[in-house]
>>> print(open('model_5.csv').read())   # CSV, C-alpha atoms
chain,number,residue,atom,x,y,z
Z,1,MET,CA,0.0,0.0,0.0
Z,2,LYS,CA,2.8,2.4,1.0
Z,3,LEU,CA,4.7,1.4,-2.1
Z,4,ALA,CA,1.8,2.1,-4.4
Z,5,LEU,CA,1.3,5.5,-2.7
Z,6,ALA,CA,5.0,6.4,-3.2
Z,7,THR,CA,4.9,5.3,-6.8
Z,8,GLU,CA,1.9,7.5,-7.4
Z,9,LYS,CA,3.6,10.4,-5.8
Z,10,ALA,CA,6.7,10.0,-7.9
Z,11,ARG,CA,4.7,9.6,-11.1
Z,12,THR,CA,2.8,12.8,-10.3
Z,13,TYR,CA,6.0,14.7,-9.6
Z,14,LEU,CA,7.7,13.6,-12.7
Z,15,SER,CA,4.6,14.4,-14.8
Z,16,LYS,CA,4.7,17.8,-13.4
Z,17,LEU,CA,8.3,18.2,-14.0
Z,18,PHE,CA,8.3,17.2,-17.6
Z,19,GLU,CA,4.9,18.4,-18.7
Z,20,ARG,CA,4.4,21.8,-20.1
Z,21,GLU,CA,3.9,24.7,-17.7
Z,22,THR,CA,0.5,26.2,-17.3
Z,23,GLY,CA,-0.1,28.6,-20.0
Z,24,ASP,CA,0.7,26.0,-22.6
Z,25,TYR,CA,3.8,27.6,-24.1
Z,26,MET,CA,7.1,26.1,-25.2
Z,27,ASN,CA,10.3,26.8,-23.4
Z,28,PRO,CA,13.1,25.7,-25.7
Z,29,THR,CA,15.8,27.1,-23.4
Z,30,ARG,CA,14.7,25.0,-20.5
Z,31,HIS,CA,14.5,21.9,-22.6
Z,32,TRP,CA,17.9,22.5,-24.1
Z,33,LEU,CA,19.3,23.1,-20.7
Z,34,ILE,CA,17.8,19.9,-19.4
Z,35,GLY,CA,19.2,17.9,-22.3
Z,36,LEU,CA,22.6,19.5,-22.0
Z,37,LEU,CA,22.8,18.8,-18.2
Z,38,PHE,CA,21.8,15.2,-18.7
Z,39,GLY,CA,24.2,14.9,-21.6
Z,40,ALA,CA,27.0,16.5,-19.8
Z,41,THR,CA,26.4,14.2,-16.8
Z,42,LEU,CA,26.4,11.1,-18.9
Z,43,PHE,CA,29.5,12.3,-20.7
Z,44,LEU,CA,31.4,12.9,-17.5
Z,45,ALA,CA,30.3,9.7,-16.0
Z,46,GLY,CA,31.4,7.9,-19.2
Z,47,ILE,CA,34.7,9.6,-19.1
Z,48,PHE,CA,35.2,8.7,-15.5
Z,49,PHE,CA,34.3,5.1,-16.2
Z,50,ILE,CA,36.6,4.8,-19.1
Z,51,GLY,CA,39.4,6.5,-17.2
Z,52,PHE,CA,38.9,4.2,-14.3
Z,53,ASP,CA,38.8,1.2,-16.6
Z,54,PHE,CA,42.1,2.2,-18.2
Z,55,TYR,CA,43.6,3.0,-14.8
Z,56,VAL,CA,42.8,-0.5,-13.5
Z,57,GLN,CA,44.4,-2.0,-16.6
Z,58,PHE,CA,47.5,0.1,-16.7
Z,59,GLY,CA,47.8,1.4,-13.2
Z,60,VAL,CA,48.7,-1.8,-11.6
Z,61,PRO,CA,52.5,-2.3,-11.8
Z,62,ASP,CA,53.5,-5.4,-13.6
Z,63,LYS,CA,57.3,-5.0,-13.2
Z,64,GLU,CA,59.3,-7.9,-11.9
Z,65,VAL,CA,59.6,-7.8,-8.1
Z,66,SER,CA,63.2,-8.6,-7.0
Z,67,VAL,CA,64.1,-9.8,-3.6
Z,68,PRO,CA,67.5,-10.6,-2.3
Z,69,THR,CA,68.5,-14.2,-2.6
Z,70,PRO,CA,68.8,-15.8,0.9
Z,71,GLN,CA,72.2,-17.2,1.8
Z,72,SER,CA,72.5,-20.5,3.5
Z,73,ALA,CA,74.9,-21.0,6.4
Z,74,TYR,CA,75.7,-24.4,4.9
Z,75,GLN,CA,77.9,-24.0,1.8
Z,76,ARG,CA,78.4,-27.1,-0.2
Z,77,ASP,CA,81.9,-26.0,-1.4
Z,78,ALA,CA,83.0,-25.1,2.1
Z,79,ILE,CA,82.0,-28.6,3.4
Z,80,MET,CA,83.7,-30.4,0.5
Z,81,ARG,CA,86.8,-28.3,0.9
Z,82,LEU,CA,87.0,-29.1,4.6
Z,83,TYR,CA,86.3,-32.7,3.8
Z,84,ASP,CA,89.3,-32.7,1.4
Z,85,GLN,CA,91.5,-31.0,4.0
Z,86,TYR,CA,90.8,-33.6,6.6
Z,87,ASN,CA,91.3,-36.5,4.1
Z,88,GLU,CA,94.6,-35.0,3.2
Z,89,ARG,CA,95.4,-34.6,6.8
Z,90,GLU,CA,94.7,-38.2,7.5
Z,91,LYS,CA,96.8,-39.3,4.5
Z,92,THR,CA,99.7,-37.2,5.8
Z,93,PHE,CA,99.3,-38.7,9.2
Z,94,ASN,CA,99.5,-42.2,7.8
Z,95,VAL,CA,102.5,-41.4,5.6
Z,96,LEU,CA,104.3,-39.7,8.5
Z,97,ARG,CA,103.5,-42.6,10.8
Z,98,ALA,CA,105.0,-45.1,8.3
Z,99,ASP,CA,108.1,-42.9,7.5
Z,100,ARG,CA,109.6,-43.1,11.0
Z,101,GLY,CA,113.3,-42.3,10.8
Z,102,ALA,CA,113.2,-41.1,7.2
Z,103,VAL,CA,114.7,-37.8,8.2
Z,104,GLN,CA,117.5,-37.6,10.6
Z,105,ILE,CA,117.6,-34.4,12.7
Z,106,VAL,CA,120.6,-33.2,14.6
Z,107,PRO,CA,119.6,-32.3,18.0
Z,108,PRO,CA,120.6,-28.9,19.5
Z,109,SER,CA,123.2,-28.6,22.3
Z,110,PRO,CA,122.2,-30.1,25.7
Z,111,ASN,CA,120.5,-28.1,28.4
Z,112,GLU,CA,118.9,-25.8,25.8
Z,113,VAL,CA,115.2,-25.1,25.9
Z,114,ARG,CA,114.7,-25.5,22.2
Z,115,ALA,CA,111.3,-23.9,21.8
Z,116,THR,CA,108.3,-22.9,23.9
Z,117,SER,CA,105.1,-21.9,22.3
Z,118,THR,CA,101.7,-21.4,23.6
Z,119,ARG,CA,98.5,-20.2,21.9
Z,120,THR,CA,94.9,-19.7,22.8
Z,121,GLU,CA,92.3,-21.5,20.9
Z,122,SER,CA,90.0,-19.3,18.8
Z,123,ALA,CA,87.0,-19.8,16.6
Z,124,SER,CA,89.1,-19.8,13.4
Z,125,ASP,CA,91.1,-22.7,14.8
Z,126,THR,CA,88.0,-24.9,14.7
Z,127,PRO,CA,86.7,-24.7,11.2
Z,128,LEU,CA,85.2,-28.1,11.3
Z,129,ALA,CA,83.1,-27.5,14.4
Z,130,ASN,CA,82.1,-24.1,13.1
Z,131,ASP,CA,81.1,-25.4,9.8
Z,132,LEU,CA,79.1,-28.2,11.2
Z,133,ALA,CA,77.5,-25.8,13.7
Z,134,PRO,CA,77.5,-22.4,12.0
Z,135,GLU,CA,75.5,-20.8,14.7
Z,136,TYR,CA,78.3,-21.3,17.1
Z,137,THR,CA,80.7,-18.3,17.5
Z,138,SER,CA,83.5,-18.2,20.0
Z,139,GLY,CA,84.4,-15.0,21.7
Z,140,ALA,CA,87.9,-16.2,22.3
Z,141,SER,CA,90.7,-14.4,20.6
Z,142,GLU,CA,93.9,-15.8,19.3
Z,143,SER,CA,97.2,-14.8,20.9
Z,144,ASP,CA,100.5,-16.2,20.2
Z,145,ALA,CA,102.6,-15.8,23.3
Z,146,GLY,CA,105.3,-18.1,22.2
Z,147,THR,CA,108.7,-17.3,20.9
Z,148,THR,CA,109.5,-19.7,18.0
Z,149,SER,CA,108.1,-22.8,16.6
Z,150,PRO,CA,110.3,-25.9,16.9
E,1,MET,CA,13.8,33.6,-15.9
E,2,LEU,CA,14.5,30.0,-15.0
E,3,GLN,CA,11.6,27.8,-14.1
E,4,ARG,CA,11.6,26.0,-10.7
E,5,SER,CA,11.8,22.6,-12.4
E,6,THR,CA,14.8,23.8,-14.3
E,7,LYS,CA,16.5,24.7,-11.1
E,8,ILE,CA,15.7,21.3,-9.6
E,9,LEU,CA,17.1,19.6,-12.7
E,10,ALA,CA,20.3,21.7,-12.5
E,11,ILE,CA,20.7,20.8,-8.8
E,12,ILE,CA,20.1,17.1,-9.5
E,13,SER,CA,22.6,17.2,-12.3
E,14,THR,CA,25.2,18.9,-10.1
E,15,VAL,CA,24.6,16.3,-7.4
E,16,ILE,CA,25.1,13.6,-9.9
E,17,LEU,CA,28.3,15.3,-11.1
E,18,LEU,CA,29.6,15.6,-7.6
E,19,VAL,CA,28.8,12.0,-6.8
E,20,SER,CA,30.6,11.0,-10.0
E,21,VAL,CA,33.7,13.1,-9.0
E,22,SER,CA,33.5,11.6,-5.5
E,23,ALA,CA,33.2,8.1,-6.9
E,24,PHE,CA,36.3,8.7,-9.1
E,25,ALA,CA,38.3,10.0,-6.2
E,26,GLY,CA,37.1,6.9,-4.2
E,27,PHE,CA,38.2,4.6,-7.0
E,28,TYR,CA,41.6,6.3,-7.1
E,29,VAL,CA,42.1,5.8,-3.4
E,30,PHE,CA,40.9,2.3,-3.7
E,31,ILE,CA,43.2,1.5,-6.6
E,32,GLU,CA,46.2,3.0,-4.8
E,33,LYS,CA,45.6,0.8,-1.8
E,34,GLY,CA,45.1,-2.1,-4.1
E,35,LYS,CA,48.4,-1.4,-5.7
E,36,GLU,CA,50.2,-1.5,-2.3
E,37,LEU,CA,48.5,-4.7,-1.4
E,38,TYR,CA,49.4,-6.1,-4.8
E,39,MET,CA,53.0,-5.1,-4.4
E,40,SER,CA,53.3,-6.6,-0.9
E,41,GLN,CA,51.7,-9.8,-2.2
E,42,GLU,CA,54.1,-9.9,-5.1
E,43,LEU,CA,57.0,-9.4,-2.7
E,44,GLU,CA,55.8,-12.3,-0.6
E,45,ARG,CA,55.4,-14.5,-3.7
E,46,ALA,CA,58.9,-13.6,-4.9
E,47,GLN,CA,60.3,-14.3,-1.5
E,48,ALA,CA,58.5,-17.6,-1.3
E,49,GLU,CA,59.9,-18.6,-4.7
E,50,LYS,CA,63.4,-17.7,-3.6
E,51,ASP,CA,63.0,-19.6,-0.3
E,52,GLN,CA,61.7,-22.6,-2.3
E,53,GLU,CA,64.8,-22.4,-4.6
E,54,LEU,CA,67.0,-22.2,-1.5
E,55,PHE,CA,65.2,-25.2,0.0
E,56,LYS,CA,65.7,-27.2,-3.2
E,57,ALA,CA,69.4,-26.2,-3.3
E,58,LEU,CA,69.9,-27.1,0.3
E,59,THR,CA,68.1,-30.4,0.0
E,60,SER,CA,70.3,-31.2,-3.0
E,61,SER,CA,73.4,-30.1,-1.2
E,62,LEU,CA,72.5,-32.2,1.8
E,63,GLU,CA,72.2,-35.2,-0.4
E,64,GLU,CA,75.4,-34.5,-2.2
E,65,THR,CA,77.4,-33.9,0.9
E,66,LYS,CA,75.9,-36.7,2.9
E,67,ASP,CA,79.0,-38.8,2.9
E,68,ALA,CA,81.3,-35.9,3.4
E,69,ARG,CA,79.4,-34.6,6.4
E,70,LEU,CA,79.3,-38.1,8.0
E,71,SER,CA,83.1,-38.3,7.5
E,72,LEU,CA,83.6,-34.8,9.0
E,73,GLU,CA,81.4,-35.6,11.9
E,74,SER,CA,83.7,-38.5,12.7
E,75,ARG,CA,86.6,-36.0,12.9
E,76,ILE,CA,85.0,-34.8,16.2
E,77,ILE,CA,85.4,-37.4,18.8
E,78,LYS,CA,82.6,-38.7,20.9
E,79,GLU,CA,82.6,-39.4,24.6
E,80,GLU,CA,83.2,-43.1,24.1
E,81,GLU,CA,86.1,-42.4,21.7
E,82,VAL,CA,88.3,-40.5,24.1
E,83,ILE,CA,90.0,-43.8,25.2
E,84,ASN,CA,90.6,-44.7,21.6
E,85,LEU,CA,92.3,-41.3,21.0
E,86,LEU,CA,94.5,-41.7,24.0
E,87,THR,CA,95.4,-45.2,22.9
E,88,LEU,CA,96.2,-44.0,19.4
E,89,ILE,CA,98.5,-41.3,20.7
E,90,GLU,CA,100.3,-43.7,23.1
E,91,THR,CA,100.6,-46.3,20.3
E,92,VAL,CA,102.1,-43.8,17.9
E,93,GLY,CA,104.4,-42.5,20.6
E,94,ARG,CA,105.7,-46.1,21.2
E,95,GLU,CA,106.2,-46.5,17.5
E,96,GLN,CA,108.4,-43.5,17.5
E,97,GLY,CA,110.4,-45.0,20.4
E,98,LEU,CA,109.2,-42.5,22.9
E,99,GLU,CA,108.1,-42.9,26.5
E,100,LEU,CA,104.8,-41.1,26.4
E,101,THR,CA,102.3,-40.4,29.1
E,102,THR,CA,99.2,-38.2,29.3
E,103,GLY,CA,99.8,-35.7,32.0
E,104,SER,CA,96.4,-34.1,32.5
E,105,LEU,CA,93.0,-34.3,30.9
E,106,ASN,CA,90.4,-31.6,31.2
E,107,ALA,CA,87.3,-30.5,29.3
E,108,ALA,CA,86.3,-26.9,28.6
E,109,PRO,CA,83.0,-26.0,27.1
E,110,MET,CA,83.1,-24.6,23.5
E,111,GLY,CA,79.6,-23.8,22.4
E,112,LYS,CA,77.8,-26.9,21.5
E,113,TYR,CA,81.1,-28.9,21.8
E,114,GLU,CA,83.7,-29.4,24.4
E,115,SER,CA,87.4,-28.8,24.1
E,116,LEU,CA,89.3,-31.7,25.5
E,117,LEU,CA,92.6,-30.3,26.9
E,118,LEU,CA,95.4,-32.8,27.4
E,119,ASP,CA,99.1,-32.6,28.1
E,120,VAL,CA,101.2,-35.2,26.4
E,121,GLN,CA,104.5,-35.7,28.1
E,122,MET,CA,107.3,-37.3,26.0
E,123,LYS,CA,110.7,-38.6,26.7
E,124,GLY,CA,113.2,-39.8,24.1
E,125,SER,CA,115.4,-38.6,21.2
E,126,TYR,CA,115.1,-35.2,19.8
E,127,ASP,CA,114.1,-36.2,16.2
E,128,ALA,CA,111.6,-38.8,17.5
E,129,MET,CA,110.0,-36.0,19.6
E,130,LEU,CA,109.8,-33.7,16.6
E,131,HIS,CA,108.4,-36.4,14.5
E,132,MET,CA,105.8,-37.1,17.2
E,133,LEU,CA,104.9,-33.5,17.3
E,134,THR,CA,104.3,-33.5,13.5
E,135,LEU,CA,102.2,-36.6,13.9
E,136,LEU,CA,100.2,-34.9,16.7
E,137,GLU,CA,99.6,-31.9,14.4
E,138,HIS,CA,98.2,-34.3,11.8
E,139,LEU,CA,96.0,-36.4,13.9
E,140,PRO,CA,92.9,-37.3,11.9
E,141,TYR,CA,90.7,-35.4,14.3
E,142,GLN,CA,90.0,-31.8,14.9
E,143,THR,CA,92.9,-31.1,17.1
E,144,ILE,CA,95.1,-28.1,17.8
E,145,VAL,CA,98.6,-28.1,19.3
E,146,ARG,CA,98.3,-25.3,21.9
E,147,GLY,CA,101.7,-25.5,23.4
E,148,VAL,CA,105.1,-27.2,23.0
E,149,GLN,CA,108.1,-27.4,25.3
E,150,PHE,CA,111.2,-29.4,24.6
E,151,THR,CA,114.0,-29.6,27.2
E,152,SER,CA,117.2,-31.6,27.0
E,153,THR,CA,118.8,-33.4,29.9
E,154,GLU,CA,122.5,-34.0,30.8
E,155,SER,CA,122.3,-37.5,29.4
E,156,GLY,CA,121.2,-36.3,26.0
E,157,VAL,CA,117.7,-37.6,26.5
E,158,TRP,CA,115.0,-35.0,25.7
E,159,THR,CA,111.8,-34.4,27.5
E,160,GLY,CA,108.9,-32.5,26.2
E,161,THR,CA,105.3,-31.6,26.8
E,162,VAL,CA,102.7,-31.0,24.1
E,163,ALA,CA,99.5,-29.4,25.0
E,164,LEU,CA,96.7,-30.6,22.8
E,165,SER,CA,93.1,-29.4,22.3
E,166,VAL,CA,90.7,-31.9,20.9
E,167,THR,CA,87.2,-30.9,19.8
E,168,LYS,CA,84.7,-33.3,21.3
E,169,TYR,CA,80.9,-33.7,21.4
E,170,LYS,CA,79.3,-32.9,24.7
E,171,LYS,CA,77.9,-35.7,26.8
E,172,PRO,CA,74.4,-36.4,25.5
>>> encode(input="model_5.csv", output="structure tokens")
Amino acid sequence: MKLALATEKARTYLSKLFERETGDYMNPTRHWLIGLLFGATLFLAGIFFIGFDFYVQFGVPDKEVSVPTPQSAYQRDAIMRLYDQYNEREKTFNVLRADRGAVQIVPPSPNEVRATSTRTESASDTPLANDLAPEYTSGASESDAGTTSP
Amino acid sequence: MLQRSTKILAIISTVILLVSVSAFAGFYVFIEKGKELYMSQELERAQAEKDQELFKALTSSLEETKDARLSLESRIIKEEEVINLLTLIETVGREQGLELTTGSLNAAPMGKYESLLLDVQMKGSYDAMLHMLTLLEHLPYQTIVRGVQFTSTESGVWTGTVALSVTKYKKP
């Protein structure tokens, strides 16, 4: 019921709006103005819609996004290098163990302290442990307090 | 003179124009926010791709270095291998013709490992002791010679002490 009443009111209003005024004379200026206003509104709305459509299509960046490549603490080459080093060390140990007496060394004169050397262990001295456990870092610093190596 | 209905139409048209302009401004703001969201999502996607590449590379590396890592792990002695190490050192010392004893044996924490500190005392000829020192430096474990002292005696027999540091796994 209310809807029918509202529809009737709207129809009456629009009829009044678009029907000729009392006195039954034409008003071309008014009708041109009405047409121009509607036309301009439609034109602007169309322009905005087209602009928006182009903006959506071309406004979104499509460039390649670059991010830094993450680095792993575990480096294959470092592990293989260390592996080779320890293999070489073991080979040298076995060769030296078998070569007992190959080189004759003349001892220094008696009652002589030939060499004294002490050093403090540092993180760089333990590459194997550090490579196997890269999160470990030692705060120790290396210091060579000795005089000469034997 | 403008009619009343003309004024109403002009007002309605102006309102529609203003609404259109407002909608355009709203669209602009909306798109700008959408661009930010798009960029952040693109960054996340690119980061995820990189992480995936790293994961594949790591998995491949782990497989390739499996044997090497196992071998390297064996270079760090375990708790039950300490006796074997001491036996090895004493055996090598005897092979060099040295009297060899282990003076002291201590463990110091070193991160997730322990540093086994031992003093090896030797007695014998000078060249045998030097050779033994070289052998100790090449032990097939992660070891460091921390200190060396050689002293001769009146009889021509040399005594020496080698301070060794051996990396060892902590007790489980």
>>> interface_residues(input="model_5.csv", of="chain E", to="chain Z", cutoff="7 Å", atoms="only C-alpha atoms", output="JSON, numbers by chain")
{"E": [5, 6, 9, 10, 13, 17, 20, 24, 35, 42, 43, 46, 47, 50, 61, 65, 68, 72, 96, 111, 126, 127, 135, 138, 139, 140, 146, 147, 148, 149, 150, 151, 152, 153, 154, 156]}
>>> atom_distance(input="model_5.csv", atom1="atom CA of Leu54 of chain E", atom2="atom CA of Lys66 of chain E")
17.6 Å
>>> residues_near_point(input="model_5.csv", point="(108.4, -36.5, 23.1)", cutoff="10 Å", atoms="all atoms listed in the file", output="ChimeraX atom specification")
/E:93,96-101,120-133,148-151,157-162
>>> atom_distance(input="model_5.csv", atom1="atom CA of Tyr13 of chain Z", atom2="atom CA of Arg4 of chain E")
12.7 Å
>>> closest_residue(input="model_5.csv", among="E:Asp119, E:Thr87, E:Asp67, E:Arg75", to="Thr143 of chain E", atoms="only C-alpha atoms")
E:Arg75
>>> atom_distance(input="model_5.csv", atom1="atom CA of Arg11 of chain Z", atom2="atom CA of Phe43 of chain Z")
26.7 Å
